[in-house]
$ cat data-v4.cif   # mmCIF, C-alpha atoms
data_target
loop_
_atom_site.label_atom_id
_atom_site.label_comp_id
_atom_site.auth_asym_id
_atom_site.auth_seq_id
_atom_site.Cartn_x
_atom_site.Cartn_y
_atom_site.Cartn_z
CA MET K 1 50.14 64.22 20.25
CA THR K 2 48.28 62.42 17.45
CA ARG K 3 46.08 64.07 14.83
CA PHE K 4 43.07 62.45 16.48
CA GLY K 5 44.12 63.61 19.94
CA GLU K 6 44.76 67.14 18.69
CA ALA K 7 41.38 67.37 17.02
CA ALA K 8 39.52 66.00 20.04
CA THR K 9 41.34 68.33 22.43
CA ALA K 10 40.88 71.41 20.26
CA THR K 11 37.18 70.75 19.74
CA ARG K 12 36.47 70.01 23.38
CA GLN K 13 38.41 73.05 24.62
CA ARG K 14 36.62 75.33 22.15
CA LEU K 15 33.28 74.13 23.49
CA ARG K 16 34.59 74.36 27.07
CA GLU K 17 35.20 78.09 26.62
CA THR K 18 31.45 78.71 26.62
CA ASP K 19 30.08 75.67 28.41
CA ARG K 20 31.68 74.13 31.47
CA ARG K 21 29.99 70.81 30.80
CA TYR K 22 32.73 70.20 28.23
CA SER K 23 35.36 69.70 30.92
CA LEU K 24 37.49 66.59 30.44
CA ARG K 25 35.80 64.93 33.41
CA GLN K 26 32.23 65.57 32.28
CA VAL K 27 32.82 64.60 28.65
CA ALA K 28 34.55 61.40 29.78
CA ARG K 29 31.58 60.54 32.00
CA ARG K 30 29.06 61.15 29.22
CA ILE K 31 30.89 58.92 26.74
CA GLY K 32 31.49 56.21 29.36
CA VAL K 33 35.28 56.29 29.87
CA GLU K 34 37.60 57.26 32.72
CA PRO K 35 38.85 60.88 32.66
CA SER K 36 42.45 59.65 32.88
CA TYR K 37 41.93 57.54 29.77
CA LEU K 38 40.39 60.43 27.80
CA SER K 39 43.28 62.62 28.90
CA LYS K 40 45.76 60.06 27.52
CA VAL K 41 43.78 59.81 24.28
CA GLU K 42 43.86 63.58 23.88
CA ARG K 43 47.60 63.70 24.50
CA GLY K 44 48.25 60.82 22.12
CA GLN K 45 49.73 58.63 24.86
CA VAL K 46 47.46 55.73 23.94
CA ALA K 47 46.03 54.59 20.63
CA PRO K 48 42.68 56.10 19.61
CA PRO K 49 39.72 54.39 21.33
CA SER K 50 37.40 51.75 19.89
CA GLU K 51 35.02 52.54 17.07
CA ALA K 52 32.06 52.81 19.44
CA THR K 53 33.87 55.19 21.81
CA THR K 54 35.20 57.28 18.93
CA VAL K 55 31.67 57.66 17.54
CA ARG K 56 30.31 58.60 20.98
CA LEU K 57 33.06 61.20 21.40
CA ALA K 58 32.43 62.66 17.94
CA ARG K 59 28.71 62.97 18.60
CA GLU K 60 29.30 64.44 22.04
CA LEU K 61 31.51 67.11 20.49
CA GLY K 62 29.14 67.75 17.58
CA GLN K 63 31.55 66.33 15.00
CA ASP K 64 31.04 63.96 12.09
CA PRO K 65 31.75 60.40 13.36
CA ASP K 66 33.21 59.37 9.99
CA VAL K 67 35.73 62.21 10.15
CA PHE K 68 36.78 61.32 13.69
CA LEU K 69 37.06 57.64 12.73
CA ALA K 70 39.24 58.55 9.75
CA MET K 71 41.55 60.60 11.98
CA ALA K 72 41.72 57.59 14.28
CA GLY K 73 42.79 55.46 11.31
CA LYS K 74 39.54 53.50 11.30
CA VAL K 75 36.66 52.88 8.93
CA SER K 76 33.23 52.38 10.45
CA ARG K 77 31.80 48.87 10.58
CA ASP K 78 28.88 49.75 8.32
CA LEU K 79 31.24 51.09 5.62
CA GLN K 80 33.39 47.97 5.89
CA ASP K 81 30.29 45.84 5.39
CA ILE K 82 29.28 47.85 2.34
CA ILE K 83 32.74 47.57 0.77
CA CYS K 84 33.05 43.86 1.58
CA LYS K 85 29.84 43.07 -0.27
CA ARG K 86 31.28 44.42 -3.55
CA PRO K 87 34.99 44.91 -2.80
CA ALA K 88 36.36 45.17 -6.33
CA LEU K 89 33.70 47.64 -7.43
CA PHE K 90 33.98 49.91 -4.41
CA ALA K 91 37.79 49.77 -4.34
CA GLU K 92 37.87 50.88 -7.96
CA LEU K 93 35.24 53.54 -7.38
CA ILE K 94 37.14 55.05 -4.47
CA ARG K 95 40.42 55.03 -6.41
CA GLN K 96 38.76 56.67 -9.40
CA LEU K 97 37.32 59.39 -7.21
CA LYS K 98 40.32 60.00 -4.99
CA ASP K 99 41.27 63.31 -6.59
CA ALA K 100 37.84 64.39 -7.78
CA PRO K 101 36.61 67.73 -6.40
CA ASP K 102 33.86 67.64 -3.80
CA HIS K 103 31.19 68.94 -6.17
CA ALA K 104 31.92 66.12 -8.62
CA ILE K 105 31.57 63.52 -5.88
CA LEU K 106 28.34 65.09 -4.68
CA HIS K 107 26.93 64.60 -8.18
CA ILE K 108 26.98 60.82 -7.70
CA VAL K 109 25.59 60.89 -4.16
CA ARG K 110 22.02 59.82 -3.88
CA GLU K 111 19.71 62.74 -3.31
CA VAL K 112 16.42 62.75 -1.44
CA ARG K 113 13.91 63.04 -4.25
CA ASP K 114 11.46 65.91 -4.11
CA GLY K 115 8.10 65.04 -5.57
CA ASP K 116 4.78 66.71 -6.26
CA TRP K 117 3.12 68.17 -3.19
CA MET N 118 20.64 69.11 -2.83
CA ILE N 119 19.47 66.99 0.09
CA THR N 120 21.07 63.75 1.15
CA LEU N 121 20.15 61.32 3.89
CA GLU N 122 23.11 60.73 6.22
CA HIS N 123 22.92 58.89 9.56
CA ASP N 124 19.18 59.64 9.82
CA SER N 125 19.75 63.34 9.18
CA LEU N 126 18.64 65.38 6.20
CA VAL N 127 21.74 67.20 4.98
CA PHE N 128 21.17 70.27 2.83
CA ARG N 129 24.05 71.45 0.64
CA PHE N 130 24.23 74.28 -1.86
CA PRO N 131 27.62 73.95 -3.56
CA GLU N 132 26.32 76.17 -6.39
CA VAL N 133 26.02 79.02 -3.84
CA HIS N 134 29.01 78.45 -1.55
CA GLU N 135 31.15 75.50 -0.53
CA ALA N 136 30.35 76.18 3.15
CA ALA N 137 26.58 76.29 2.56
CA ARG N 138 25.61 73.17 4.49
CA CYS N 139 23.13 72.45 7.26
CA SER N 140 21.41 69.39 8.65
CA ILE N 141 18.03 68.62 10.16
CA ASP N 142 17.04 65.65 12.25
CA PHE N 143 14.03 64.66 14.26
CA GLN N 144 14.48 63.84 17.93
CA ARG N 145 12.44 61.39 19.93
CA THR N 146 11.31 62.88 23.22
CA LEU N 147 8.90 62.75 26.13
CA ARG N 148 5.40 64.02 25.63
CA ILE N 149 4.98 66.88 28.09
CA PRO N 150 1.64 67.15 29.91
CA ASP N 151 -1.02 68.96 27.92
CA ASP N 152 -2.53 70.68 30.96
CA GLY N 153 -2.30 74.40 30.22
CA LEU N 154 0.92 74.84 32.25
CA ASP N 155 4.19 75.99 30.66
CA TYR N 156 7.00 73.43 30.82
CA PRO N 157 10.72 73.61 30.05
CA LEU N 158 12.14 71.80 27.03
CA PRO N 159 12.22 67.99 27.25
CA PRO N 160 15.38 66.02 26.38
CA GLY N 161 16.37 64.38 23.12
CA LEU N 162 16.23 60.59 23.29
CA GLY N 163 17.97 59.95 19.97
CA GLY N 164 16.95 60.52 16.39
CA PHE N 165 13.98 58.98 14.60
CA PRO N 166 15.09 56.70 11.77
CA LEU N 167 14.58 58.11 8.27
CA ARG N 168 14.43 56.17 4.99
CA HIS N 169 14.14 57.12 1.33
CA LEU N 170 10.49 56.59 0.44
CA ASP N 171 11.59 55.43 -3.01
CA ASP N 172 13.16 52.35 -1.40
CA TYR N 173 9.64 51.04 -0.80
CA ALA N 174 8.19 51.92 -4.18
CA ARG N 175 6.58 48.51 -4.61
CA GLN N 176 4.59 48.66 -1.38
CA ALA N 177 4.08 52.30 -0.48
CA PRO N 178 0.82 54.02 -1.39
CA ARG N 179 0.97 56.01 -4.62
CA ASP N 180 0.12 59.24 -2.85
CA TRP N 181 3.16 58.85 -0.64
CA LEU N 182 5.45 58.08 -3.58
CA ARG N 183 4.19 61.08 -5.52
CA ARG N 184 5.46 63.40 -2.78
CA GLY N 185 8.94 61.86 -2.71
CA GLY N 186 11.08 62.62 0.30
CA VAL N 187 11.60 60.41 3.31
CA LEU N 188 9.65 58.18 5.65
CA MET N 189 9.74 58.44 9.46
CA PRO N 190 7.94 56.31 12.08
CA MET N 191 5.98 57.74 15.01
CA HIS N 192 3.65 56.11 17.50
CA GLN N 193 0.25 57.71 17.93
CA ALA N 194 0.47 60.48 20.56
CA GLU N 195 4.28 60.38 20.45
CA ALA N 196 6.13 63.70 20.57
CA MET N 197 9.20 64.94 18.72
CA TRP N 198 11.36 67.99 18.22
CA ILE N 199 13.41 69.17 15.30
CA SER N 200 17.14 69.70 15.69
CA PHE N 201 19.03 72.02 13.34
CA GLY N 202 22.73 71.68 12.67
CA ALA N 203 24.48 74.61 11.01
CA GLU N 204 28.04 75.57 11.79
CA SER N 205 28.53 79.06 10.48
CA TYR N 206 26.65 79.40 7.21
CA PRO N 207 23.22 80.95 7.89
CA PHE N 208 20.03 79.46 6.48
CA ALA N 209 16.37 80.41 6.41
CA VAL N 210 14.24 77.33 6.99
CA LYS N 211 10.49 76.92 6.73
CA ILE N 212 8.76 74.11 8.60
CA ALA N 213 5.17 73.09 7.98
CA ALA N 214 2.92 70.32 9.24
CA GLY N 215 0.22 69.22 6.82
CA LYS N 216 1.37 72.16 4.68
CA ALA N 217 0.41 74.64 7.42
CA CYS N 218 3.35 76.77 8.56
CA ALA N 219 4.42 75.84 12.11
CA LEU N 220 5.07 79.50 12.94
CA THR N 221 2.16 81.31 11.29
CA GLY N 222 -0.41 78.64 10.41
CA ASP N 223 -0.55 79.99 6.85
CA ALA N 224 -0.80 77.69 3.84
CA TRP N 225 2.46 76.47 2.34
CA THR N 226 4.33 78.71 -0.10
CA ASN N 227 7.66 78.03 -1.77
CA HIS N 228 9.06 81.43 -0.79
CA LEU N 229 9.90 83.33 2.38
CA ASN N 230 7.46 85.78 3.93
CA THR N 231 8.22 88.43 6.52
CA ASP N 232 4.85 89.81 7.56
CA PRO N 233 4.51 87.69 9.55
CA GLN N 234 7.89 85.95 9.41
CA ASP N 235 7.28 82.34 8.40
CA TYR N 236 10.80 80.95 8.72
CA LEU N 237 13.52 80.19 11.24
CA VAL N 238 17.07 81.42 10.99
CA LEU N 239 19.98 79.01 11.50
CA PRO N 240 22.32 78.74 13.29
CA GLU N 241 20.64 81.12 15.77
CA GLN N 242 17.67 78.75 16.18
CA PRO N 243 18.97 75.40 17.40
CA TRP N 244 15.64 73.59 17.80
CA LEU N 245 11.93 73.74 17.12
CA ASP N 246 9.68 71.80 19.48
CA GLY N 247 6.25 72.76 18.34
CA PHE N 248 3.78 75.27 16.95
CA CYS N 249 4.28 78.91 17.90
CA VAL N 250 1.10 79.76 19.84
CA ALA N 251 2.31 82.77 21.86
CA LYS N 252 5.44 84.87 22.12
CA GLY N 253 8.02 82.58 23.71
CA ILE N 254 5.59 79.63 23.89
CA VAL N 255 5.17 76.62 21.57
CA ARG N 256 2.77 73.71 21.72
CA GLN N 257 4.60 70.42 21.36
CA PHE N 258 4.55 68.46 18.09
CA VAL N 259 2.43 65.37 18.82
CA ALA N 260 1.62 62.72 16.19
CA MET N 261 -2.07 62.00 15.65
CA PRO N 262 -3.85 60.17 12.83
CA LEU N 263 -5.42 62.40 10.22
CA GLY N 264 -9.19 62.30 10.07
CA GLU N 265 -9.85 62.65 13.78
CA GLY N 266 -9.71 66.43 13.84
CA TYR N 267 -6.72 66.88 16.16
CA SER N 268 -4.02 67.86 13.67
CA VAL N 269 -3.13 71.48 13.06
CA GLU N 270 -3.87 70.93 9.38
CA GLU N 271 -7.44 69.89 10.15
CA GLN N 272 -7.95 72.64 12.71
CA LEU N 273 -6.78 75.34 10.30
CA THR N 274 -8.12 74.10 6.97
CA GLY N 275 -10.91 71.71 7.87
CA ALA N 276 -9.31 69.11 5.58
CA ALA N 277 -7.16 66.03 6.28
CA GLU N 278 -5.20 65.99 3.07
CA HIS N 279 -1.44 66.14 3.49
CA GLY N 280 -0.19 65.16 6.96
CA GLY N 281 3.55 64.76 7.56
CA LEU N 282 6.11 67.50 7.72
CA GLN N 283 7.39 69.80 5.01
CA ILE N 284 10.73 71.55 5.00
CA ILE N 285 12.40 74.03 2.69
CA ALA N 286 15.82 75.60 3.24
CA TYR N 287 17.37 78.68 1.62
CA PRO N 288 21.04 79.54 2.00
CA MET N 289 22.26 83.05 2.68
CA LYS N 290 23.56 84.86 -0.40
CA ALA N 291 27.25 84.07 -0.83
CA GLU N 292 28.32 87.72 -0.80
CA ARG N 293 26.39 88.36 2.42
CA TYR N 294 28.05 85.35 4.00
CA GLU N 295 31.52 86.48 2.95
CA ALA N 296 30.83 89.93 4.37
CA LEU N 297 29.57 88.36 7.59
CA ILE N 298 32.69 86.23 7.94
CA ASP N 299 34.91 89.26 7.30
CA GLU N 300 32.99 91.18 9.94
CA GLN N 301 33.27 88.35 12.47
CA SER N 302 36.98 87.84 11.92
CA ALA N 303 37.55 91.56 12.29
CA GLU N 304 35.74 91.46 15.62
CA SER N 305 37.30 88.36 17.10
CA GLY N 306 39.73 86.87 15.35
CA PRO N 307 14.41 44.71 1.03
CA ALA N 308 10.68 44.58 1.09
CA TYR N 309 8.47 42.62 3.46
CA GLY N 310 5.79 42.00 0.88
CA VAL N 311 2.78 43.73 2.38
CA VAL N 312 1.47 45.82 -0.48
CA MET N 313 -0.60 48.79 0.57
CA ASP N 314 -3.13 49.02 -2.24
CA SER N 315 -5.08 51.86 -0.77
CA ALA N 316 -3.64 54.78 1.09
CA PRO N 317 -3.77 54.20 4.85
CA PRO N 318 -4.65 57.13 7.06
CA ASP N 319 -1.69 59.48 7.21
CA MET N 320 -0.22 60.77 10.43
CA GLY N 321 -0.20 64.48 11.06
CA LEU N 322 1.13 66.70 13.82
CA ALA N 323 -1.16 68.15 16.42
CA PRO N 324 -0.58 70.76 19.14
CA GLY N 325 0.28 69.16 22.48
CA GLY N 326 1.39 70.68 25.79
CA ARG N 327 2.85 74.16 26.18
CA MET N 328 6.56 74.79 26.64
CA ARG N 329 8.85 77.76 26.80
CA GLN N 330 10.69 78.27 23.52
CA GLU N 331 11.37 81.46 21.62
CA ILE N 332 11.32 81.63 17.84
CA TYR N 333 13.81 84.30 16.86
CA GLU N 334 13.30 87.20 14.50
CA ASP N 335 15.40 87.34 11.35
CA GLU N 336 18.17 89.82 12.12
CA TYR N 337 19.63 89.65 8.61
CA GLY N 338 16.54 90.73 6.63
CA LEU N 339 14.76 89.05 3.72
CA ASP N 340 17.33 90.33 1.23
CA ALA N 341 20.04 88.18 2.86
CA TRP N 342 18.55 84.92 1.58
CA ASP N 343 19.27 83.50 -1.83
CA GLN N 344 15.77 82.48 -2.85
CA ARG N 345 16.98 81.39 -6.30
CA TYR N 346 18.24 78.26 -4.59
CA ALA N 347 16.12 76.14 -2.29
CA SER N 348 15.83 72.47 -1.39
CA ARG N 349 12.68 71.03 0.03
CA CYS N 350 11.57 67.70 1.45
CA PHE N 351 8.30 66.03 2.40
CA VAL N 352 8.62 63.87 5.52
CA THR N 353 5.86 61.27 5.52
CA ILE N 354 5.04 60.06 9.02
CA ALA N 355 4.20 56.36 9.18
CA ASN N 356 2.56 54.81 12.21
CA SER N 357 4.27 51.81 13.82
CA MET N 358 2.39 49.19 11.78
CA GLN N 359 2.94 51.00 8.49
CA TRP N 360 6.65 51.39 9.25
CA LEU N 361 7.05 47.70 10.09
CA ALA N 362 5.11 46.62 7.02
CA LEU N 363 7.12 48.82 4.67
CA THR N 364 10.63 48.60 6.07
CA GLY N 365 10.61 45.32 7.98
CA GLU N 366 12.17 47.20 10.89
CA ARG N 367 10.66 47.65 14.32
CA PRO N 368 10.13 51.33 15.13
CA PRO N 369 11.93 52.76 18.17
CA THR N 370 10.31 51.88 21.47
CA GLU N 371 7.97 54.39 23.01
CA PRO N 372 9.79 56.91 25.22
CA PRO N 373 9.35 57.01 29.01
CA THR N 374 6.54 59.13 30.37
CA ALA N 375 7.24 62.68 31.46
CA ARG N 376 6.35 61.65 35.02
CA ASP N 377 8.82 58.74 35.10
CA TYR N 378 11.52 60.97 33.65
CA SER N 379 10.92 63.80 36.07
CA ASP N 380 10.58 61.50 39.08
CA ALA N 381 14.04 60.13 38.24
CA GLY N 382 15.40 63.67 38.68
CA LEU N 383 16.63 63.83 35.08
CA PRO N 384 17.15 67.25 33.51
CA TRP N 385 14.84 69.45 31.48
CA PHE N 386 16.18 72.33 29.44
CA ASP N 387 15.87 76.04 28.80
CA PHE N 388 17.63 77.87 26.02
CA TYR N 389 19.03 81.38 26.33
CA GLY N 390 19.54 82.99 22.94
CA GLY N 391 21.05 86.25 24.17
CA ASP N 392 19.63 89.49 22.82
CA LEU N 393 17.65 87.95 19.98
CA GLU N 394 14.02 89.11 19.71
CA ALA N 395 11.26 86.51 19.85
CA LEU N 396 8.42 86.37 17.32
CA ALA N 397 4.84 86.77 18.47
CA GLU N 398 2.11 84.31 17.55
CA THR N 399 -0.35 84.92 14.72
CA GLU N 400 -4.12 85.12 15.08
CA ARG N 401 -4.48 81.74 13.35
CA MET N 402 -2.10 80.01 15.76
CA ARG N 403 -3.68 81.61 18.80
CA GLY N 404 -6.89 79.79 17.92
CA LEU N 405 -5.40 76.28 17.95
CA VAL N 406 -6.94 73.88 20.44
CA SER N 407 -4.63 71.41 22.13
CA VAL N 408 -5.08 67.66 21.74
CA ALA N 409 -6.16 67.12 25.36
CA ARG N 410 -8.64 70.01 25.31
CA LEU N 411 -10.12 68.87 22.02
CA GLY N 412 -10.32 65.34 23.43
CA GLU N 413 -12.36 66.65 26.36
CA GLN N 414 -14.74 68.36 23.95
CA LYS N 415 -15.11 65.11 22.00
CA ALA N 416 -15.38 62.99 25.19
CA GLU N 417 -12.22 61.10 24.13
CA THR N 418 -8.88 60.47 25.84
CA PRO N 419 -6.32 60.91 23.06
CA LEU N 420 -3.33 61.35 25.40
CA PRO N 421 -2.73 58.62 27.97
CA GLU N 422 -0.77 59.54 31.12
CA ASN N 423 -1.28 63.26 30.85
CA GLU N 424 -1.16 64.30 34.51
CA SER N 425 0.77 67.42 35.51
CA ILE N 426 4.35 67.04 36.73
CA ASP N 427 6.97 69.10 38.49
CA ALA N 428 9.90 69.61 36.12
CA ALA N 429 12.24 70.89 38.79
CA ASN N 430 15.67 70.02 37.40
CA VAL N 431 16.14 72.56 34.61
CA LEU N 432 19.47 73.18 32.85
CA THR N 433 19.89 76.44 30.97
CA LEU N 434 21.78 76.07 27.72
CA ARG N 435 23.31 79.06 26.02
CA ALA N 436 23.63 79.84 22.35
CA ALA N 437 27.33 79.10 21.94
CA GLY N 438 28.32 75.50 21.64
CA ALA N 439 25.37 73.99 23.43
CA THR N 440 23.28 72.57 20.66
CA ARG N 441 24.44 68.97 21.00
CA VAL N 442 23.81 68.21 24.62
CA ARG N 443 20.06 68.46 25.03
CA GLU N 444 20.03 64.78 25.83
CA MET N 445 19.04 62.45 28.58
CA PRO N 446 22.19 61.52 30.53
CA GLY N 447 23.41 58.11 29.42
CA GLY N 448 22.61 58.62 25.77
CA GLY N 449 18.90 58.09 25.49
CA ALA N 450 16.33 55.35 25.72
#
$ encode --input "data-v4.cif" --output "structure tokens"
Amino acid sequence: MTRFGEAATATRQRLRETDRRYSLRQVARRIGVEPSYLSKVERGQVAPPSEATTVRLARELGQDPDVFLAMAGKVSRDLQDIICKRPALFAELIRQLKDAPDHAILHIVREVRDGDW
Amino acid sequence: MITLEHDSLVFRFPEVHEAARCSIDFQRTLRIPDDGLDYPLPPGLGGFPLRHLDDYARQAPRDWLRRGGVLMPMHQAEAMWISFGAESYPFAVKIAAGKACALTGDAWTNHLNTDPQDYLVLPEQPWLDGFCVAKGIVRQFVAMPLGEGYSVEEQLTGAAEHGGLQIIAYPMKAERYEALIDEQSAESGPAYGVVMDSAPPDMGLAPGGRMRQEIYEDEYGLDAWDQRYASRCFVTIANSMQWLALTGERPPTEPPTARDYSDAGLPWFDFYGGDLEALAETERMRGLVSVARLGEQKAETPLPENESIDAANVLTLRAAGATRVREMPGGGA
């Protein structure tokens, strides 16, 4: 079983405990794949699905699509586009921040500005 | 701090607790008939896009920029609901429209009030679809231009000043959260160049049709919330033309009508929150007049396609694990 398959299975089964609509069959139908294929993905018998399917699965299971993509060994198309526009700068930025604690990284994230109201 | 991620407002309070995180997004939906009948909850048709208002500083009206926050497009008479995402860390969240509290109708304050309770508690409350007008009943959030008298703000204050939506979130105190977790584990294991010199009419939210939705009482008590830390956001609602002019993007298409949706046999929703107590309405909210009723009084037709429907296919969602699937099958319009 792959890390991606384990995470998808664990999340779906946790939801399934309280809501039968999270059965393998119903989740597969909602994200537009065959149940047999989703079963193989969960058991790690095939490579993780495409970016679009991975994002649909993450959203269906209430998970962060970027986290699911990372576990699938992928980077979303929009992030690739951002990095490719300024590759040297973003590559350096990511390397510089690789061991920084979360709170330090959050300091450089753009906040929604609160104004006067 | 608030960040904008995938069209969601993400609230984080790392200074309180590393797990103190919740998100809020705004769901496109059908407008339910405003006919005096009580309907189940309509589906989510995908999130409204959100943008930093500051990104349009050269074109946006000064009044909008002064407020900060984010910009969201809505068509006139379009409906929406608010979706809350919180995993385990509890939050108290106040929601106002035109600076009038959506639960009590009282004027905006930057603190929590309990008599009457003017905030929602997450994660117990997964959604808010409208203004609390009776115990277990809300009137749907429907976008209307300010200045025509339909918005809740105008009905309650007589003024058309603010419009939009206002949000403030308070995390639970860290020590209360830690105690809660211990208790739970013990139990279970670029610009387009159209400069808006003068402020265009703002969009506000008005009370639409009635639907069944309970707003839950705070079971933790006021003392549970860390009111030293709060993050707030003004959501300016732009009409379709304003949105296109500012962002260069087309707004989402208008959703299907409630009749078309229901005739297709697609599901409506009910939410069962277990033993949680529902809040009653306040005197101020009881006096709100719905958009259709007010239109009749003014000899206007503000809501097209408002005939009654039979919402027969109702799915009941339960508190645990069900907050993500209030969607039209197939992923939305």
$ resolve_selection --input "data-v4.cif" --expression "the PyMOL selection byres ((chain K) within 10 of (chain N))" --output "number ranges by chain"
K: 12, 14-19, 21-22, 29-32, 56, 59-65, 102-103, 106-107, 109-117
$ residues_around --input "data-v4.cif" --residues "stretch 158-162 of chain N" --least-positions-apart "4" --cutoff "9 Å" --atoms "all atoms listed in the file" --output "ChimeraX atom specification"
/N:144-149,197-198,246,328-330,372,375,384-388,431,442-445,448-450
$ axis_aligned_box --input "data-v4.cif" --around "stretch 403-409 of chain N" --padding-each-side "6 Å" --output "AutoDock Vina command-line options"
--center_x -5.3 --center_y 74.4 --center_z 21.6 --size_x 15.3 --size_y 26.5 --size_z 19.4
$ residues_near_point --input "data-v4.cif" --point "(35.8, 58.6, 14.2)" --cutoff "10 Å" --atoms "all atoms listed in the file" --output "number ranges by chain"
K: 4, 48-59, 63-76
$ write_last_selection --input "data-v4.cif" --atoms "C-alpha atoms" --output "PDB file, keeping the file's coordinate frame"
ATOM      1  CA  PHE K   4      43.070  62.450  16.480  1.00  0.00           C
ATOM      2  CA  PRO K  48      42.680  56.100  19.610  1.00  0.00           C
ATOM      3  CA  PRO K  49      39.720  54.390  21.330  1.00  0.00           C
ATOM      4  CA  SER K  50      37.400  51.750  19.890  1.00  0.00           C
ATOM      5  CA  GLU K  51      35.020  52.540  17.070  1.00  0.00           C
ATOM      6  CA  ALA K  52      32.060  52.810  19.440  1.00  0.00           C
ATOM      7  CA  THR K  53      33.870  55.190  21.810  1.00  0.00           C
ATOM      8  CA  THR K  54      35.200  57.280  18.930  1.00  0.00           C
ATOM      9  CA  VAL K  55      31.670  57.660  17.540  1.00  0.00           C
ATOM     10  CA  ARG K  56      30.310  58.600  20.980  1.00  0.00           C
ATOM     11  CA  LEU K  57      33.060  61.200  21.400  1.00  0.00           C
ATOM     12  CA  ALA K  58      32.430  62.660  17.940  1.00  0.00           C
ATOM     13  CA  ARG K  59      28.710  62.970  18.600  1.00  0.00           C
ATOM     14  CA  GLN K  63      31.550  66.330  15.000  1.00  0.00           C
ATOM     15  CA  ASP K  64      31.040  63.960  12.090  1.00  0.00           C
ATOM     16  CA  PRO K  65      31.750  60.400  13.360  1.00  0.00           C
ATOM     17  CA  ASP K  66      33.210  59.370   9.990  1.00  0.00           C
ATOM     18  CA  VAL K  67      35.730  62.210  10.150  1.00  0.00           C
ATOM     19  CA  PHE K  68      36.780  61.320  13.690  1.00  0.00           C
ATOM     20  CA  LEU K  69      37.060  57.640  12.730  1.00  0.00           C
ATOM     21  CA  ALA K  70      39.240  58.550   9.750  1.00  0.00           C
ATOM     22  CA  MET K  71      41.550  60.600  11.980  1.00  0.00           C
ATOM     23  CA  ALA K  72      41.720  57.590  14.280  1.00  0.00           C
ATOM     24  CA  GLY K  73      42.790  55.460  11.310  1.00  0.00           C
ATOM     25  CA  LYS K  74      39.540  53.500  11.300  1.00  0.00           C
ATOM     26  CA  VAL K  75      36.660  52.880   8.930  1.00  0.00           C
ATOM     27  CA  SER K  76      33.230  52.380  10.450  1.00  0.00           C
TER      28      SER K  76
END
$ closest_residue --input "data-v4.cif" --among "N:Met402, N:Leu363, N:Leu396, N:Ala251" --to "N:Tyr236" --atoms "all atoms listed in the file"
N:Leu396
$ residues_around --input "data-v4.cif" --residues "N:Glu331" --least-positions-apart "4" --cutoff "7 Å" --atoms "all atoms listed in the file" --output "number ranges by chain"
N: 252-254, 395
$ resolve_selection --input "data-v4.cif" --expression "the PyMOL selection byres ((chain N and resi 193) around 10)" --output "MDAnalysis selection string"
chainID N and resid 190:192 194:196 259:262 320:322 355:357 371 419:420
$ atom_distance --input "data-v4.cif" --atom1 "atom CA of K:Gln80" --atom2 "atom CA of K:Lys98"
17.6 Å
$ atom_distance --input "data-v4.cif" --atom1 "atom CA of N:Pro178" --atom2 "atom CA of N:Gly264"
17.3 Å
$ atom_distance --input "data-v4.cif" --atom1 "atom CA of N:Ile141" --atom2 "atom CA of N:Ser200"
5.7 Å
$ residues_around --input "data-v4.cif" --residues "stretch 36-47 of chain K" --least-positions-apart "4" --cutoff "7 Å" --atoms "all atoms listed in the file" --output "VMD selection string"
chain K and resid 1 to 2 5 to 6 8 to 9 28
$ residues_around --input "data-v4.cif" --residues "N:Ala397" --least-positions-apart "3" --cutoff "10 Å" --atoms "all atoms listed in the file" --output "PyMOL selection string"
chain N and resi 220-221+233-234+249-254+331-334+394+400+403
